[in-house]
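Shown next, in structure tokens, is the structure this report addresses.
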Amino acid sequence: MDSGASGEAEGRARKAGVSSGPLAEPVRRLRGVGADSARLLERLGLRTIGDLLWHLPQRYEDFSKIRPLRSLVPDQKQTALAVLGRIGQRRTARGLVLTEAELYEEDGRPSQVKATWFGRSFVKQSFPEGQRVRISGDVKWVGRGLQFTQPKMEPADREAVHTARIVPVYRLTEGLKEGQLRRWLHTAVEGARDRGGALVTSPLVNEVADPLPDEIVSRYSLPRTPEALRQVHFPDDPVKLFGARRRLAFDELLVLQLATAQKRTRWLATAKAIPLRAADPEVASWTLSLPFELTGDQRRSWEQIRGDLARSVPMTRLLQGDVGSGKTVVAALAMRLAVACGTQAALMAPTELLAEQHHRTLGTLFADEAAPRVELLTSSVAGERRVRLLERLARQEVDVIVGTHALLEEGVEFQRLGLAVIDEQQRFGVRQRSALREKGELPHVLLTTATPIPQTLWQTLNRDIDLSTIRELPAGRQEIRTEVRTPDALPRIWPWVRERVGLGEQAFVVCPRIDPSEDPPAHSAVLFDAADGGTLPSAVATHDELRAGALRGLRIALVHGRIPQRERDAIMERFRDAEIDVLVATTVIEVGIDIPGATVMVVLGAERFGLAQLHQLRGRVGRGERRSFCVLVSPVTDSARLAAMTERTRAADGKERVLDGFELAQRDFEIRGPGQFLGQEQSGLADQLRIVDLTDIDPRLLEDTTAEADRIIAADPELERPEHAGLRAAVGELWRRYGLA
């Protein structure tokens, strides 16, 4: 290949984002990164310089306010220019090394401001007395003067990296210090690296390919990718940081839209399933045999699903509905249709208890003589019983199998799987959902969730999945009385709980963490650091205190995520059978079995939960005929989330009602982002995104990327044009990181 052709190929590769050149060099080539440091970075998946450049900040600390020492303001993050005075060290009563530095004004005048560090003995060796420095951190009153505690400090004559700017904060691993990683990122952005023993300095960030065609960059006045990356890592000011994050968010949303649009287009063109159809009179007989009449939303959702099942294109549809809205009944009709057409159906639930509940429910719904044959398969089904069940399933002597992850195990075979139903689908990873589909020859798939998903989130993530919604609750469901109380009301709440138990009722008490030593959960997705004060209730301590104190003598049990699943299920079964009066728990009971006797839900530390979570927890009570109550206990008196839980609106019929799950989900999405909809258990596209946490989405950004994706796919569905090479590479990289390439 001649040099001209070689250069042209290299240019195409770089434009397409192929990992080559300086970005493909190992991180050890960066100045200051040795073998031990490289091993620490590898724990974070950072092996190359390119990997490091795409390790984006989790949040920022704003130290850009620079003041003289005499003008510092307590309880704010700020930066001062100072001259170091005497630096002393001593051991505290706990044996820790305390380093304390006197600070002088720039003109040499003494001040009442000091700086202290615990465990950083290197400060005395690295910073001589009399040196002019920048010092950044939180300033607080200590005694008669102000004090920086654990501040960041740099010589004033060096470029600001850790101080006097908007400072990036990155995800770390054990053994890796914040300052080290920030310095390496600064080096990577600026480009100092070792090549054959010689120090090479050039802006490495300029080597990052820009995937967007020039036309799109110009249309939306976007900064180029290298400049956006530079500003995201080390922003000049908040305005440029916002523009840079928005540019990278634009890229990710566009690539995500292109990936899912391509997936849907290819699926519709090539995938074939067994069409599942039944005559109207037969379908009508199934609905008439139900012990209740379908709501309008249930009928509409059933007709949408029925229409999908009749096609040769495999259905992928999500059925979302509020707690208690009757999703299982609609799924049961779909399974009955599959069986009537000579195929089998499977229903996978996230826990054994929920699978057992579905098994009992289907047994009730399929009570007539011609009903499908339903069996249960969980890890508890073992030995000869399991062998016989699997043989019957393979011979199609079982029509509907209900189970847990056990359905995915090797040896579970269907003769003709026509429909797979995945309940509480957000509790399963993408690969698990795909594995169930692979048990048949492209069966139809129905996903269900009781966690309503805001339309913007759905539109962004799931172009390849259709959506049905049940908002209408069955007749007769009582509203759960919800109140917000401060912790000083607990001495009155616990006697009231005892009184309810005395009437034959049961109660949940939910806490935001397991034990006092556990770090509190962080629900807020924020760019800038925020303080988190207060002591959070823990399930272990609350259980022990209630047993010994306010609820002594009642049958109290504890359940949380560190208890093995089988033991948790046994506790929940005892609670369901009314052998337990009060269950102290974490959010492991957020999605669970029906407890008809449970009428009281007390949530401690309620401000730590999202609205969707609180709504799910509240939905654990009110399953029986008795009036039910939800008490949200929090020291926070101005929480928008807690206010929304008691907010009332006027329904179409003129009656007042509380906000339903869909309204609360949208409000929660606006307040704190999408984390609760995606969950740690779910491995999905959103988990693989670098910049978009989906709180960045505003309607205009989503509208713009959607329009561009539609325009590109219509003109170039396989992204084969030269100007789309970068986008094609980005889509491929997304699928590789997603694990489905």
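By order of appearance in the structure tokens: chains A, B, ..., then residues from 1 within every chain, and ligands from 1 in the order shown.
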
**OP:** Extract the full set of strand (DSSP E or B) residues from region 221-443 of chain A according to DSSP on the backbone, and format it as an MDAnalysis selection string.
**Re:** chainID A and resid 316:321 344:348 374:377 400:403 417:422

Subject >> Test item, alpha helix (DSSP H) assignment across region 472-609 of chain A, answer as a PyMOL selection string >> reply: chain A and resi 490-502+539-548+565-576

Those residues you just picked out, can you put them in a file as a PDB file, in the first residue's frame with C-alpha atoms?
```
ATOM      1  CA  LEU A 490     -42.876   7.843  66.837  1.00  0.00           C
ATOM      2  CA  PRO A 491     -43.833   7.558  70.548  1.00  0.00           C
ATOM      3  CA  ARG A 492     -47.448   7.905  69.343  1.00  0.00           C
ATOM      4  CA  ILE A 493     -47.068   5.831  66.156  1.00  0.00           C
ATOM      5  CA  TRP A 494     -45.823   2.644  67.847  1.00  0.00           C
ATOM      6  CA  PRO A 495     -48.779   2.346  70.299  1.00  0.00           C
ATOM      7  CA  TRP A 496     -51.095   2.866  67.323  1.00  0.00           C
ATOM      8  CA  VAL A 497     -49.316   0.022  65.462  1.00  0.00           C
ATOM      9  CA  ARG A 498     -49.777  -2.185  68.540  1.00  0.00           C
ATOM     10  CA  GLU A 499     -53.476  -1.266  68.533  1.00  0.00           C
ATOM     11  CA  ARG A 500     -53.871  -2.251  64.863  1.00  0.00           C
ATOM     12  CA  VAL A 501     -52.149  -5.580  65.513  1.00  0.00           C
ATOM     13  CA  GLY A 502     -54.552  -6.118  68.415  1.00  0.00           C
ATOM     14  CA  ALA A 539     -33.497  -2.370  59.843  1.00  0.00           C
ATOM     15  CA  VAL A 540     -31.300  -4.324  62.283  1.00  0.00           C
ATOM     16  CA  ALA A 541     -31.300  -1.619  64.975  1.00  0.00           C
ATOM     17  CA  THR A 542     -35.010  -0.859  64.504  1.00  0.00           C
ATOM     18  CA  HIS A 543     -35.903  -4.549  64.799  1.00  0.00           C
ATOM     19  CA  ASP A 544     -33.917  -4.912  68.021  1.00  0.00           C
ATOM     20  CA  GLU A 545     -35.297  -1.705  69.535  1.00  0.00           C
ATOM     21  CA  LEU A 546     -38.932  -2.545  68.757  1.00  0.00           C
ATOM     22  CA  ARG A 547     -38.622  -6.089  70.108  1.00  0.00           C
ATOM     23  CA  ALA A 548     -37.132  -4.821  73.358  1.00  0.00           C
ATOM     24  CA  GLN A 565     -33.244 -15.849  49.410  1.00  0.00           C
ATOM     25  CA  ARG A 566     -34.677 -19.122  50.692  1.00  0.00           C
ATOM     26  CA  GLU A 567     -34.675 -17.842  54.282  1.00  0.00           C
ATOM     27  CA  ARG A 568     -36.283 -14.568  53.149  1.00  0.00           C
ATOM     28  CA  ASP A 569     -38.999 -16.515  51.367  1.00  0.00           C
ATOM     29  CA  ALA A 570     -39.667 -18.577  54.509  1.00  0.00           C
ATOM     30  CA  ILE A 571     -40.057 -15.374  56.567  1.00  0.00           C
ATOM     31  CA  MET A 572     -42.424 -13.889  53.981  1.00  0.00           C
ATOM     32  CA  GLU A 573     -44.492 -17.084  53.957  1.00  0.00           C
ATOM     33  CA  ARG A 574     -44.864 -16.881  57.742  1.00  0.00           C
ATOM     34  CA  PHE A 575     -45.914 -13.248  57.383  1.00  0.00           C
ATOM     35  CA  ARG A 576     -48.428 -14.176  54.688  1.00  0.00           C
TER      36      ARG A 576
END
```

Original post:
Got a sec: who's within 7 Å of Ala101 (chain A), counting only C-alpha atoms, leaving out chain neighbours fewer than 4 positions off, as an MDAnalysis selection string?
Top reply: chainID A and resid 84:88 114:116

Could you take the residues named above and write them with N, CA and C atoms, as a short mmCIF file (atom, residue, chain, number, x, y, z; two decimals), in the first residue's frame?
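part-v8.cif written:
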```
data_model
loop_
_atom_site.label_atom_id
_atom_site.label_comp_id
_atom_site.auth_asym_id
_atom_site.auth_seq_id
_atom_site.Cartn_x
_atom_site.Cartn_y
_atom_site.Cartn_z
N LEU A 84 2.10 29.84 53.37
CA LEU A 84 2.17 28.86 54.45
C LEU A 84 3.05 29.36 55.57
N GLY A 85 2.51 29.22 56.80
CA GLY A 85 3.31 29.51 57.98
C GLY A 85 3.87 28.22 58.56
N ARG A 86 3.95 28.15 59.87
CA ARG A 86 4.49 26.96 60.53
C ARG A 86 3.58 25.76 60.27
N ILE A 87 4.19 24.63 59.94
CA ILE A 87 3.44 23.39 59.73
C ILE A 87 3.85 22.41 60.81
N GLY A 88 2.92 22.05 61.66
CA GLY A 88 3.20 21.14 62.76
C GLY A 88 2.45 19.84 62.62
N LYS A 114 -6.67 28.52 59.63
CA LYS A 114 -5.72 27.41 59.63
C LYS A 114 -6.20 26.33 58.65
N ALA A 115 -5.31 25.41 58.37
CA ALA A 115 -5.66 24.24 57.56
C ALA A 115 -5.19 22.99 58.28
N THR A 116 -6.04 21.97 58.32
CA THR A 116 -5.68 20.72 59.00
C THR A 116 -5.97 19.53 58.10
#
```

Subject >> Residue nearest Asp464 (chain A) among A:Arg245, A:Lys240, A:Arg711, A:Arg317 (counting only C-alpha atoms) >> reply: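 Looking at the shortest contact to Asp464 (chain A), the residue is A:Arg317.
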
Sorted per-residue table, region 69-141 of chain A near region 154-176 of chain A, closest atoms and distance, 7 Å, only C-alpha atoms, as a Markdown table:
```
| residue | atom | partner | partner_atom | distance |
| --- | --- | --- | --- | --- |
| A:Thr79 | CA | A:Ala164 | CA | 5.6 |
| A:Arg132 | CA | A:Ala156 | CA | 5.6 |
| A:Val133 | CA | A:Ala156 | CA | 4.3 |
| A:Arg134 | CA | A:Ala156 | CA | 5.2 |
| A:Ile135 | CA | A:Thr163 | CA | 6.4 |
| A:Ser136 | CA | A:Thr163 | CA | 5.4 |
```

Selection file, C-alpha atoms, as a short mmCIF file (atom, residue, chain, number, x, y, z; two decimals), in the first residue's frame:
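File again_27.cif, as written:
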```cif
data_model
loop_
_atom_site.label_atom_id
_atom_site.label_comp_id
_atom_site.auth_asym_id
_atom_site.auth_seq_id
_atom_site.Cartn_x
_atom_site.Cartn_y
_atom_site.Cartn_z
CA THR A 79 -10.45 28.88 47.47
CA ARG A 132 2.61 30.73 48.25
CA VAL A 133 -0.28 28.26 47.68
CA ARG A 134 -3.84 27.92 46.53
CA ILE A 135 -5.97 26.07 49.05
CA SER A 136 -9.51 24.84 48.36
#
```

**OP:** Figure out the distance between CA of Ala355 (chain A) and CA of Ile274 (chain A), please, to one decimal in Å.
**Re:**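 For CA of Ile274 (chain A) relative to CA of Ala355 (chain A), the distance reads 26.1 Å.
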
**OP:** Find the residues around Asp423 (chain A) up to 12 Å (only C-alpha atoms counted), leave out those fewer than 6 positions away in its own chain, and share them as a ChimeraX atom specification.
**Re:** /A:318-321,327-328,331-332,346-351,354-355,357-358,402-405,433,445-451,591-592

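Near Ala730 (chain A), within a cut-off of 9 Å and counting only C-alpha atoms, sit the residues Ala16, Gly17, Pro211, Glu252, Val255, Ala725, Gly726, Leu727, Arg728, Gly732, Glu733, Leu734 and Trp735 of chain A, with same-chain residues fewer than 2 positions away left out.
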
Expected file contents, prior selection, N, CA and C atoms, as a CSV table (one decimal), in the first residue's frame:
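Okay, this is what ended up in selection-v5.csv:
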```
chain,number,residue,atom,x,y,z
A,16,ALA,N,-13.7,6.7,12.0
A,16,ALA,CA,-14.7,5.7,12.5
A,16,ALA,C,-14.5,5.3,13.9
A,17,GLY,N,-13.5,5.9,14.6
A,17,GLY,CA,-13.3,5.7,16.0
A,17,GLY,C,-12.6,4.4,16.3
A,211,PRO,N,-17.7,11.6,16.0
A,211,PRO,CA,-18.5,10.7,15.2
A,211,PRO,C,-19.6,11.4,14.4
A,252,GLU,N,-24.6,10.4,22.6
A,252,GLU,CA,-25.0,9.1,23.2
A,252,GLU,C,-26.5,8.9,22.9
A,255,VAL,N,-26.8,8.0,19.2
A,255,VAL,CA,-26.3,6.6,18.9
A,255,VAL,C,-27.2,5.6,19.5
A,725,ALA,N,-19.6,7.0,8.9
A,725,ALA,CA,-18.6,6.0,9.4
A,725,ALA,C,-18.4,6.1,10.9
A,726,GLY,N,-18.4,7.3,11.4
A,726,GLY,CA,-18.2,7.5,12.9
A,726,GLY,C,-19.4,7.0,13.7
A,727,LEU,N,-20.6,7.3,13.1
A,727,LEU,CA,-21.8,6.8,13.8
A,727,LEU,C,-21.9,5.3,13.8
A,728,ARG,N,-21.5,4.7,12.6
A,728,ARG,CA,-21.5,3.2,12.5
A,728,ARG,C,-20.6,2.6,13.6
A,732,GLY,N,-21.6,0.2,16.8
A,732,GLY,CA,-21.0,-1.0,17.1
A,732,GLY,C,-20.3,-1.1,18.4
A,733,GLU,N,-19.7,0.0,18.8
A,733,GLU,CA,-19.0,0.0,20.2
A,733,GLU,C,-20.1,0.0,21.3
A,734,LEU,N,-21.2,0.6,21.1
A,734,LEU,CA,-22.3,0.5,22.1
A,734,LEU,C,-22.8,-0.9,22.3
A,735,TRP,N,-23.0,-1.6,21.2
A,735,TRP,CA,-23.4,-3.0,21.3
A,735,TRP,C,-22.3,-3.9,21.9
```
